[in-house]
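Raw entry_12.txt, compact mmCIF, C-alpha atoms and all ligand atoms:
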```txt
# COMPACT_ATOMS: atom_id res chain seq x y z
CA MET A 1 45.76 30.44 -44.36
CA ALA A 2 48.68 28.80 -42.54
CA TYR A 3 49.52 32.17 -41.03
CA LYS A 4 45.95 32.56 -39.74
CA ALA A 5 46.01 29.08 -38.18
CA LEU A 6 49.33 29.84 -36.49
CA ALA A 7 48.02 33.17 -35.17
CA GLY A 8 44.93 31.37 -33.81
CA LEU A 9 47.10 28.78 -32.12
CA ILE A 10 49.25 31.47 -30.49
CA LEU A 11 46.14 33.35 -29.37
CA PHE A 12 44.54 30.30 -27.78
CA MET A 13 47.72 28.71 -26.47
CA PRO A 14 47.23 29.94 -22.86
CA TYR A 15 43.69 28.46 -22.85
CA ILE A 16 44.91 25.17 -24.32
CA LEU A 17 47.70 24.95 -21.74
CA TRP A 18 45.29 25.86 -18.94
CA ASP A 19 42.93 23.11 -20.09
CA VAL A 20 45.75 20.55 -20.14
CA PHE A 21 46.79 21.72 -16.66
CA LEU A 22 43.22 21.41 -15.34
CA LYS A 23 42.90 17.91 -16.82
CA GLY A 24 46.16 16.96 -15.10
CA MET A 25 44.91 18.34 -11.78
CA GLU A 26 41.63 16.47 -12.25
CA THR A 27 43.48 13.17 -12.62
CA LEU A 28 45.58 13.95 -9.54
CA SER A 29 42.61 14.68 -7.33
CA GLN A 30 40.24 12.02 -8.70
CA PRO A 31 39.20 9.61 -5.96
CA ILE A 32 40.61 6.14 -6.40
CA THR A 33 40.07 2.95 -4.45
CA LEU A 34 43.12 1.17 -3.11
CA ILE A 35 43.29 -2.33 -1.70
CA ALA A 36 45.83 -3.07 1.01
CA THR A 37 46.14 -6.84 1.14
CA ALA A 38 46.68 -8.40 4.55
CA ALA A 39 47.72 -11.79 5.89
CA MET A 40 44.92 -13.72 7.54
CA GLY A 41 44.24 -12.23 10.99
CA LEU A 42 46.05 -8.94 10.35
CA GLU A 43 43.20 -7.11 8.59
CA GLY A 44 42.31 -5.11 11.74
CA ILE A 45 45.85 -3.82 12.21
CA VAL A 46 46.17 -2.93 8.53
CA LYS A 47 42.86 -1.04 8.83
CA ASN A 48 44.19 0.94 11.81
CA GLU A 49 47.30 1.81 9.85
CA VAL A 50 45.25 2.98 6.87
CA GLN A 51 43.18 5.19 9.19
CA GLU A 52 46.32 6.55 10.87
CA LEU A 53 47.40 7.67 7.39
CA GLY A 54 44.28 9.83 7.31
CA TYR A 55 41.98 7.76 5.07
CA ASP A 56 38.55 7.37 6.61
CA GLN A 57 36.53 5.67 3.87
CA VAL A 58 37.77 2.22 4.86
CA LYS A 59 36.19 -1.21 4.42
CA THR A 60 37.65 -4.41 5.83
CA GLU A 61 37.12 -7.76 4.12
CA ASN A 62 38.81 -11.15 4.38
CA GLY A 63 42.45 -10.62 3.53
CA ARG A 64 42.08 -7.05 2.36
CA VAL A 65 41.31 -3.49 3.38
CA LEU A 66 39.75 -1.18 0.79
CA PHE A 67 40.05 2.57 1.09
CA GLU A 68 39.34 5.71 -0.88
CA SER A 69 42.17 8.10 -1.53
CA ASP A 70 43.60 10.40 -4.14
CA LEU A 71 46.64 9.64 -6.28
CA SER A 72 49.05 10.46 -3.44
CA GLY A 73 47.57 7.53 -1.52
CA ILE A 74 49.47 5.16 -3.84
CA ALA A 75 52.82 6.56 -2.75
CA ARG A 76 51.90 7.18 0.90
CA SER A 77 50.38 3.77 1.56
CA ASN A 78 53.26 1.92 -0.11
CA LEU A 79 55.76 3.94 1.90
CA TRP A 80 54.00 3.75 5.27
CA LEU A 81 51.97 0.57 5.65
CA ARG A 82 54.03 -1.67 7.92
CA THR A 83 51.71 -4.65 8.19
CA ALA A 84 50.08 -4.87 4.72
CA ASP A 85 51.42 -7.27 2.07
CA ARG A 86 50.93 -5.01 -0.94
CA VAL A 87 48.82 -2.15 -2.29
CA LYS A 88 46.64 -2.63 -5.36
CA LEU A 89 44.65 -0.14 -7.38
CA LEU A 90 41.03 -1.21 -7.86
CA MET A 91 40.19 -0.83 -11.56
CA GLY A 92 36.65 -2.22 -11.54
CA GLU A 93 34.20 -4.79 -10.23
CA PHE A 94 31.37 -6.49 -12.13
CA ASP A 95 29.53 -9.79 -12.53
CA ALA A 96 30.50 -12.01 -15.48
CA TYR A 97 29.17 -15.42 -16.48
CA THR A 98 30.56 -15.61 -20.03
CA PHE A 99 33.89 -14.76 -21.67
CA ASP A 100 32.09 -12.12 -23.76
CA GLN A 101 30.87 -10.38 -20.63
CA LEU A 102 34.35 -10.54 -19.16
CA PHE A 103 35.85 -9.06 -22.34
CA GLU A 104 33.32 -6.26 -22.80
CA GLN A 105 33.27 -5.11 -19.19
CA THR A 106 37.06 -5.21 -18.96
CA LYS A 107 37.34 -3.20 -22.17
CA ALA A 108 34.88 -0.62 -20.84
CA LEU A 109 37.31 0.43 -18.09
CA PRO A 110 39.62 3.45 -18.64
CA TRP A 111 42.93 1.55 -18.80
CA GLU A 112 44.58 4.31 -20.84
CA GLU A 113 44.32 6.64 -17.83
CA TRP A 114 46.86 4.40 -16.13
CA ILE A 115 48.76 2.35 -18.71
CA SER A 116 51.14 4.07 -21.13
CA LYS A 117 51.08 3.07 -24.77
CA ASP A 118 54.32 1.11 -24.46
CA GLY A 119 53.32 -0.45 -21.09
CA PHE A 120 54.14 -4.12 -20.48
CA ILE A 121 50.93 -5.80 -19.33
CA HIS A 122 51.15 -8.96 -17.29
CA VAL A 123 47.87 -10.53 -16.17
CA VAL A 124 47.61 -12.93 -13.24
CA GLY A 125 44.40 -14.49 -12.02
CA LYS A 126 42.40 -16.64 -9.66
CA SER A 127 38.86 -17.98 -9.72
CA HIS A 128 36.75 -19.60 -7.05
CA LYS A 129 33.18 -20.96 -7.14
CA SER A 130 32.51 -19.27 -10.52
CA LYS A 131 31.25 -20.15 -14.02
CA LEU A 132 34.47 -18.74 -15.48
CA TYR A 133 36.81 -21.18 -13.79
CA SER A 134 39.62 -21.52 -16.34
CA VAL A 135 42.16 -19.03 -14.99
CA PRO A 136 44.49 -19.08 -18.06
CA ASP A 137 41.51 -18.29 -20.33
CA CYS A 138 40.33 -15.47 -18.07
CA GLN A 139 43.86 -14.02 -17.99
CA SER A 140 44.18 -14.08 -21.76
CA ILE A 141 40.72 -12.53 -22.29
CA VAL A 142 41.46 -9.74 -19.83
CA LYS A 143 44.76 -9.08 -21.57
CA LYS A 144 43.07 -9.00 -25.00
CA ALA A 145 40.40 -6.60 -23.72
CA ILE A 146 42.98 -4.23 -22.23
CA VAL A 147 45.13 -4.34 -25.37
CA SER A 148 42.10 -3.69 -27.55
CA ARG A 149 41.10 -0.71 -25.37
CA LEU A 150 44.61 0.74 -25.49
CA GLN A 151 44.92 0.27 -29.26
CA GLU A 152 41.74 2.28 -29.73
CA ALA A 153 42.66 4.93 -27.17
CA TYR A 154 46.17 5.42 -28.59
CA HIS A 155 45.13 4.95 -32.25
CA ILE A 156 47.51 2.03 -32.78
CA ASN A 157 46.65 -0.55 -35.43
CA SER A 158 49.58 -2.88 -34.87
CA ARG A 159 50.70 -4.86 -31.81
CA LEU A 160 51.49 -2.86 -28.69
CA GLU A 161 55.22 -2.51 -28.11
CA GLU A 162 55.10 -3.49 -24.43
CA SER A 163 58.67 -2.31 -23.94
CA GLY A 164 57.96 0.19 -21.15
CA ALA A 165 56.83 0.22 -17.51
CA ARG A 166 55.37 -2.97 -16.07
CA TYR A 167 51.68 -3.21 -15.11
CA LYS A 168 50.65 -6.31 -13.22
CA VAL A 169 46.89 -6.74 -13.57
CA GLU A 170 44.99 -9.21 -11.42
CA VAL A 171 41.68 -10.76 -12.39
CA ALA A 172 40.11 -12.29 -9.31
CA ILE A 173 36.73 -14.01 -9.65
CA LEU A 174 34.70 -15.05 -6.65
CA LYS A 175 31.14 -16.38 -7.07
CA ASP A 176 30.99 -14.81 -10.57
CA ARG A 177 31.99 -11.38 -9.25
CA VAL A 178 35.07 -10.13 -11.07
CA THR A 179 37.56 -7.78 -9.43
CA LEU A 180 40.19 -6.18 -11.64
CA SER A 181 43.13 -4.53 -9.95
CA MET A 182 46.70 -3.43 -10.67
CA ASP A 183 49.56 -4.03 -8.29
CA THR A 184 51.27 -0.78 -7.33
CA SER A 185 53.90 -2.28 -5.01
CA GLY A 186 56.07 -4.60 -7.10
CA SER A 187 57.80 -6.88 -4.63
CA GLY A 188 55.81 -7.52 -1.46
CA LEU A 189 55.90 -4.76 1.15
CA HIS A 190 57.74 -7.06 3.57
CA LYS A 191 60.79 -6.49 1.37
CA ARG A 192 61.98 -3.34 3.09
CA GLY A 193 65.42 -3.55 1.56
CA TYR A 194 67.39 -4.08 4.78
CA ARG A 195 67.56 -7.87 5.02
CA VAL A 196 71.03 -8.82 3.87
CA GLY A 197 71.13 -12.02 5.91
CA GLN A 198 68.75 -14.36 7.68
CA GLY A 199 68.52 -17.53 9.78
CA ASP A 200 66.43 -20.67 9.24
CA ALA A 201 63.07 -19.27 10.24
CA PRO A 202 63.05 -15.49 9.82
CA LEU A 203 59.82 -13.66 10.49
CA LYS A 204 58.28 -11.68 7.67
CA GLU A 205 58.92 -8.01 8.37
CA THR A 206 55.18 -7.27 8.07
CA LEU A 207 54.36 -9.86 10.74
CA ALA A 208 57.17 -8.64 13.00
CA ALA A 209 55.78 -5.10 12.73
CA ALA A 210 52.32 -6.48 13.56
CA LEU A 211 53.68 -8.23 16.67
CA VAL A 212 55.03 -4.90 17.90
CA LYS A 213 51.88 -2.99 16.95
CA LEU A 214 49.72 -5.50 18.84
CA THR A 215 51.42 -4.45 22.09
CA ASN A 216 51.06 -1.06 23.80
CA TRP A 217 54.80 -0.50 23.54
CA SER A 218 55.85 3.07 23.08
CA PRO A 219 59.47 4.15 22.62
CA GLU A 220 59.88 5.45 26.20
CA TYR A 221 59.91 1.83 27.37
CA PRO A 222 62.61 -0.80 27.05
CA LEU A 223 61.94 -3.61 24.59
CA ILE A 224 63.73 -6.97 24.49
CA ASP A 225 63.55 -9.78 21.95
CA PRO A 226 65.56 -12.68 23.46
CA PHE A 227 65.09 -14.84 20.30
CA ALA A 228 66.05 -12.11 17.86
CA GLY A 229 67.52 -14.35 15.11
CA SER A 230 68.16 -12.04 12.17
CA GLY A 231 66.74 -9.14 14.19
CA THR A 232 63.39 -8.56 12.50
CA ILE A 233 61.36 -7.66 15.62
CA PRO A 234 63.92 -5.22 17.13
CA ILE A 235 64.51 -3.59 13.72
CA GLU A 236 60.79 -3.15 13.05
CA ALA A 237 60.33 -1.80 16.61
CA ALA A 238 63.11 0.74 16.06
CA LEU A 239 61.51 1.88 12.78
CA ILE A 240 58.17 2.25 14.60
CA GLY A 241 59.84 3.97 17.57
CA GLN A 242 61.42 6.64 15.38
CA ASN A 243 58.44 6.83 13.05
CA ILE A 244 60.56 5.89 10.03
CA ALA A 245 58.52 4.90 6.96
CA PRO A 246 59.28 1.20 6.33
CA GLY A 247 59.36 1.66 2.55
CA PHE A 248 61.87 4.49 2.67
CA ASN A 249 64.71 2.35 1.28
CA ARG A 250 63.01 0.65 -1.64
CA GLU A 251 61.21 1.18 -4.90
CA PHE A 252 57.65 0.44 -5.98
CA SER A 253 56.16 -0.67 -9.28
CA ALA A 254 53.96 2.40 -9.68
CA GLU A 255 57.02 4.68 -9.50
CA GLU A 256 57.62 3.69 -13.12
CA TRP A 257 54.12 4.63 -14.20
CA GLY A 258 53.84 7.96 -15.96
CA SER A 259 50.28 8.15 -14.58
CA VAL A 260 51.62 8.65 -11.03
CA PRO A 261 53.82 11.74 -11.49
CA ASN A 262 57.23 11.96 -9.85
CA THR A 263 56.07 14.92 -7.77
CA ILE A 264 53.64 12.61 -5.95
CA TRP A 265 56.52 10.33 -4.92
CA GLU A 266 58.78 13.25 -4.06
CA GLN A 267 56.12 14.81 -1.83
CA ALA A 268 55.47 11.48 -0.08
CA LEU A 269 59.20 11.02 0.54
CA GLU A 270 59.50 14.57 1.84
CA GLU A 271 56.57 13.96 4.17
CA ALA A 272 58.25 10.75 5.42
CA GLU A 273 61.50 12.62 6.01
CA ASP A 274 59.66 15.36 7.94
CA LEU A 275 57.76 12.89 10.10
CA ALA A 276 60.76 10.72 11.01
CA ASN A 277 61.91 11.36 14.55
CA TYR A 278 65.58 10.42 14.45
CA ASP A 279 66.11 12.06 17.87
CA GLN A 280 63.79 9.66 19.67
CA PRO A 281 65.99 7.70 22.09
CA LEU A 282 65.37 3.97 22.09
CA ASP A 283 66.13 1.19 24.53
CA ILE A 284 65.82 -1.90 22.35
CA ILE A 285 67.84 -5.07 22.83
CA GLY A 286 67.97 -8.07 20.51
CA SER A 287 69.69 -11.20 21.78
CA ASP A 288 70.02 -14.75 20.53
CA ILE A 289 71.89 -17.91 21.46
CA SER A 290 73.64 -17.89 18.07
CA HIS A 291 76.73 -15.69 17.59
CA GLU A 292 76.32 -15.98 13.86
CA LEU A 293 72.74 -14.71 13.90
CA VAL A 294 73.64 -11.81 16.17
CA ASP A 295 76.21 -10.75 13.56
CA ILE A 296 73.60 -11.05 10.82
CA ALA A 297 71.10 -9.00 12.89
CA LYS A 298 73.74 -6.27 13.32
CA GLN A 299 74.30 -6.14 9.57
CA ASN A 300 70.57 -5.96 8.89
CA ALA A 301 70.18 -3.11 11.39
CA MET A 302 73.08 -1.28 9.72
CA GLU A 303 71.41 -1.73 6.35
CA ALA A 304 68.15 -0.36 7.81
CA GLY A 305 70.07 2.79 8.71
CA LEU A 306 69.74 2.16 12.45
CA ALA A 307 73.48 1.96 13.12
CA ASP A 308 73.86 1.41 16.89
CA LEU A 309 70.31 2.28 17.85
CA VAL A 310 69.52 -1.34 18.73
CA LYS A 311 71.83 -3.17 21.12
CA TRP A 312 72.66 -6.71 20.10
CA LYS A 313 74.14 -9.46 22.19
CA GLN A 314 74.72 -13.18 22.17
CA MET A 315 72.88 -14.68 25.12
CA ARG A 316 70.82 -17.72 26.07
CA VAL A 317 67.31 -16.85 27.19
CA GLN A 318 68.10 -18.84 30.33
CA ASP A 319 70.50 -16.00 31.26
CA LEU A 320 68.02 -13.18 30.60
CA ASN A 321 68.23 -10.55 33.29
CA PRO A 322 66.43 -7.29 32.42
CA LYS A 323 67.84 -4.22 34.14
CA GLU A 324 64.69 -2.11 34.20
CA GLU A 325 61.68 -2.67 36.39
CA LYS A 326 59.19 -2.17 33.57
CA GLY A 327 59.29 -2.97 29.88
CA TYR A 328 58.19 -5.16 26.99
CA LEU A 329 59.45 -8.55 25.90
CA ILE A 330 58.41 -9.61 22.42
CA GLY A 331 59.64 -12.92 21.09
CA ASN A 332 59.28 -15.59 18.46
CA PRO A 333 61.03 -18.57 20.09
CA PRO A 334 61.60 -21.95 18.43
CA TYR A 335 58.31 -23.85 18.10
CA GLY A 336 59.72 -27.36 18.59
CA GLU A 337 58.26 -28.63 15.34
CA ARG A 338 61.22 -30.79 14.43
CA MET A 339 61.76 -34.26 15.87
CA GLY A 340 63.58 -34.22 19.18
CA GLU A 341 63.18 -30.48 19.73
CA GLN A 342 60.28 -30.76 22.13
CA GLU A 343 62.28 -31.04 25.33
CA VAL A 344 64.56 -28.20 24.31
CA VAL A 345 61.69 -25.80 23.67
CA GLU A 346 59.88 -26.83 26.85
CA ASP A 347 63.02 -25.90 28.79
CA ILE A 348 63.18 -22.56 26.94
CA TYR A 349 59.52 -21.75 27.76
CA GLN A 350 59.96 -22.81 31.41
CA SER A 351 63.08 -20.69 31.86
CA LEU A 352 61.37 -17.69 30.27
CA GLY A 353 58.32 -18.09 32.53
CA ARG A 354 60.44 -18.51 35.65
CA ILE A 355 62.56 -15.43 34.88
CA MET A 356 59.67 -13.17 33.88
CA ALA A 357 57.70 -14.13 37.01
CA SER A 358 60.17 -11.92 38.90
CA TYR A 359 59.32 -8.97 36.63
CA PRO A 360 55.57 -8.44 37.16
CA LYS A 361 55.69 -4.98 35.56
CA TRP A 362 57.02 -6.34 32.29
CA SER A 363 54.55 -7.23 29.55
CA VAL A 364 55.48 -10.44 27.74
CA TYR A 365 54.38 -11.34 24.22
CA VAL A 366 55.29 -14.71 22.72
CA MET A 367 54.27 -16.15 19.37
CA THR A 368 54.48 -19.93 19.07
CA SER A 369 52.61 -22.86 17.59
CA TYR A 370 53.43 -25.01 20.62
CA GLU A 371 50.04 -25.94 22.06
CA ASP A 372 51.08 -26.44 25.68
CA PHE A 373 53.07 -23.21 25.82
CA GLU A 374 51.16 -21.79 28.82
CA GLU A 375 51.63 -24.98 30.82
CA HIS A 376 55.41 -24.80 30.46
CA TYR A 377 55.59 -21.02 30.83
CA GLY A 378 53.73 -21.56 34.10
CA GLN A 379 50.96 -19.01 33.66
CA LYS A 380 47.79 -18.52 31.65
CA ALA A 381 48.04 -15.66 29.18
CA THR A 382 46.02 -12.50 29.82
CA LYS A 383 44.99 -12.69 26.18
CA LYS A 384 45.63 -14.97 23.19
CA ARG A 385 45.36 -14.14 19.53
CA LYS A 386 45.43 -16.55 16.60
CA LEU A 387 48.04 -15.57 14.00
CA PHE A 388 49.56 -17.28 10.97
CA ASN A 389 53.30 -17.35 10.52
CA GLY A 390 53.25 -18.26 6.84
CA PHE A 391 51.18 -21.44 6.86
CA ILE A 392 51.88 -22.26 10.49
CA ARG A 393 49.00 -21.54 12.82
CA THR A 394 50.31 -19.94 15.97
CA ASP A 395 49.01 -18.19 19.06
CA TYR A 396 50.25 -14.85 20.25
CA TYR A 397 50.36 -15.23 24.04
CA GLN A 398 50.06 -11.87 25.76
CA TYR A 399 50.87 -11.31 29.44
CA PHE A 400 50.11 -7.75 30.49
CA GLY A 401 52.49 -6.20 33.02
CA LYS A 402 51.11 -4.55 36.15
C1 LIG A 501 62.04 -18.67 15.21
S1 LIG A 501 63.66 -18.11 15.36
C2 LIG A 501 63.47 -16.38 15.52
C3 LIG A 501 63.57 -15.70 14.18
C4 LIG A 501 63.61 -14.19 14.28
N1 LIG A 501 62.37 -13.64 14.78
C5 LIG A 501 63.95 -13.61 12.91
O1 LIG A 501 63.14 -12.84 12.37
O2 LIG A 501 64.98 -13.93 12.36
C6 LIG A 501 64.07 -18.58 16.99
C7 LIG A 501 65.43 -18.12 17.44
O3 LIG A 501 65.64 -18.56 18.78
C8 LIG A 501 67.04 -18.80 18.94
N2 LIG A 501 67.22 -19.68 20.12
C9 LIG A 501 67.09 -21.02 20.22
N3 LIG A 501 67.33 -21.43 21.47
C10 LIG A 501 67.61 -20.32 22.20
C11 LIG A 501 67.93 -20.09 23.57
N4 LIG A 501 68.02 -21.07 24.43
N5 LIG A 501 68.15 -18.82 23.96
C12 LIG A 501 68.06 -17.79 23.08
N6 LIG A 501 67.78 -17.96 21.77
C13 LIG A 501 67.54 -19.21 21.35
C14 LIG A 501 67.45 -19.42 17.62
O4 LIG A 501 68.85 -19.25 17.40
C15 LIG A 501 66.59 -18.67 16.61
O5 LIG A 501 67.29 -17.59 16.07
```
Show me the file's structure as structure tokens.
Ligand SMILES: C[S@@+](CC[C@H](N)C(=O)[O-])C[C@H]1O[C@@H](n2cnc3c(N)ncnc32)[C@H](O)[C@@H]1O
Amino acid sequence: MAYKALAGLILFMPYILWDVFLKGMETLSQPITLIATAAMGLEGIVKNEVQELGYDQVKTENGRVLFESDLSGIARSNLWLRTADRVKLLMGEFDAYTFDQLFEQTKALPWEEWISKDGFIHVVGKSHKSKLYSVPDCQSIVKKAIVSRLQEAYHINSRLEESGARYKVEVAILKDRVTLSMDTSGSGLHKRGYRVGQGDAPLKETLAAALVKLTNWSPEYPLIDPFAGSGTIPIEAALIGQNIAPGFNREFSAEEWGSVPNTIWEQALEEAEDLANYDQPLDIIGSDISHELVDIAKQNAMEAGLADLVKWKQMRVQDLNPKEEKGYLIGNPPYGERMGEQEVVEDIYQSLGRIMASYPKWSVYVMTSYEDFEEHYGQKATKKRKLFNGFIRTDYYQYFGK
């Protein structure tokens, strides 16, 4: 009897293996929906980036961009999106008015396709204008529903071990509509892994990349940031200029998930390596009044693998003296928000305006919260765009060169 069973198994083994292989391929190619979260005002740029990555089923909402992809989209979007905050995997959306409805509909989702049986499940939540307003209760119900689903799927009667990879689930409820997602990024995408030092008011890397992307700069042109601080804008510009994936030097949460095979990450890294253009010459200068910050910027650039690609120097903006006839100035000067700083920043803006008036072919981009910026700069901006630097509302003043 046992012999017959063994013979049968050997006979059918190729079919069994083929079936397992096909199932694996099915999971790899199944469409998934990803959510790239974006700071207020940056949704449009994040959308462009998603489309540049080749995803065309894209929907923009407040603070997020949803797009359809296959499994490789998890690795590619985490590696490449320069201006998004993080990438989440949409698990499901439904209406819920009672805890029972929340539990049942959460349990109905195929969590076992993503979460391993020893996965550590951490649920975070938010609720707005909804019947289910107690966030801690919603979190614990979602966790119970997922655990219950996994226990059934993995035939486990006891507690789940939760000693393995980490899965951060978010339950977000808005007007009784529940969105369940899992964070694939881990730390926010602004953490590129190169910032070893910083000044008092460093820009988030994602915002710095957005400031560059909002200009028409291309790497054939010179670029100067005369308020470089820890160097975020010049470093992000150099990464853009050489088409280096911003996530190349870091890890992501979903790399630990068995459900996103290593080959997916390896292929995405290989693609990033192929697309990087390390031979692209760059003419990028970062300067700042502070010696100490210039040293920090140099170290950050080193850490980003840019070595001497960006030129750094200590200089007051009052001494700015671009060599080329045409180029781009992108800067995030002091805003004068502290007591007594007003006169200092007005002088900075005036000097910048006076100097750049002699360079009509240069395009100038300045982000500040200072309301009378244009008055002191001495010229109305060609275009203004509202942007948030953290919680500070700023304007991005754009002067297009001739
Ligand atoms: C808002 S911070 C810029 C932060 C920078 N974007 C970063 O990511 O670290 C403004 C910078 O302007 C510099 N600064 C202040 N007065 C200056 C001046 N007169 N000339 C040049 N830089 C000046 C400060 O040292 C500071 O680093």
For this session: Find the spatial neighbours of Asn262 (chain A), counting all atoms listed in the file, within a cut-off of 12 Å - ignore same-chain residues fewer than 4 positions away - and output them as number ranges by chain.
Result: A: 28, 71-72, 74-75, 254-258, 266-269
Given a cut-off of 8 Å, what residues near ligand LIG 501 (chain A) show up using only C-alpha atoms and all ligand atoms, put as a CSV table (one decimal) with C-alpha atoms, keeping the file's coordinate frame?
```csv
chain,number,residue,atom,x,y,z
A,198,GLN,CA,68.8,-14.4,7.7
A,199,GLY,CA,68.5,-17.5,9.8
A,200,ASP,CA,66.4,-20.7,9.2
A,201,ALA,CA,63.1,-19.3,10.2
A,202,PRO,CA,63.0,-15.5,9.8
A,203,LEU,CA,59.8,-13.7,10.5
A,204,LYS,CA,58.3,-11.7,7.7
A,205,GLU,CA,58.9,-8.0,8.4
A,208,ALA,CA,57.2,-8.6,13.0
A,226,PRO,CA,65.6,-12.7,23.5
A,227,PHE,CA,65.1,-14.8,20.3
A,228,ALA,CA,66.0,-12.1,17.9
A,229,GLY,CA,67.5,-14.4,15.1
A,230,SER,CA,68.2,-12.0,12.2
A,231,GLY,CA,66.7,-9.1,14.2
A,232,THR,CA,63.4,-8.6,12.5
A,233,ILE,CA,61.4,-7.7,15.6
A,287,SER,CA,69.7,-11.2,21.8
A,288,ASP,CA,70.0,-14.8,20.5
A,289,ILE,CA,71.9,-17.9,21.5
A,290,SER,CA,73.6,-17.9,18.1
A,293,LEU,CA,72.7,-14.7,13.9
A,297,ALA,CA,71.1,-9.0,12.9
A,315,MET,CA,72.9,-14.7,25.1
A,316,ARG,CA,70.8,-17.7,26.1
A,317,VAL,CA,67.3,-16.8,27.2
A,318,GLN,CA,68.1,-18.8,30.3
A,331,GLY,CA,59.6,-12.9,21.1
A,332,ASN,CA,59.3,-15.6,18.5
A,333,PRO,CA,61.0,-18.6,20.1
A,334,PRO,CA,61.6,-22.0,18.4
A,335,TYR,CA,58.3,-23.8,18.1
A,344,VAL,CA,64.6,-28.2,24.3
A,345,VAL,CA,61.7,-25.8,23.7
A,348,ILE,CA,63.2,-22.6,26.9
```
Exercise. With distances taken over all atoms listed in the file, which of A:Ile156, A:Val294, A:Ala237, A:Leu223 is nearest to Arg82 (chain A)?
Worked result: A:Ala237
Problem set entry | Separation of CA of Asn243 (chain A) from CA of Glu271 (chain A) in Å |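 The value is 11.5 Å.
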Exercise. CA of Ala381 (chain A) to CA of Val364 (chain A): how many Å, to one decimal?
Worked result: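 Going from CA of Ala381 (chain A) over to CA of Val364 (chain A), I get 9.2 Å.
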For this session: Could you tell me which of A:Glu43, A:Asp279, A:Asp176, A:Glu112 comes closest to Val147 (chain A) if we count all atoms listed in the file?
Result: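 Of A:Glu43, A:Asp279, A:Asp176, A:Glu112, the one nearest Val147 (chain A), counting all atoms listed in the file, is A:Glu112.
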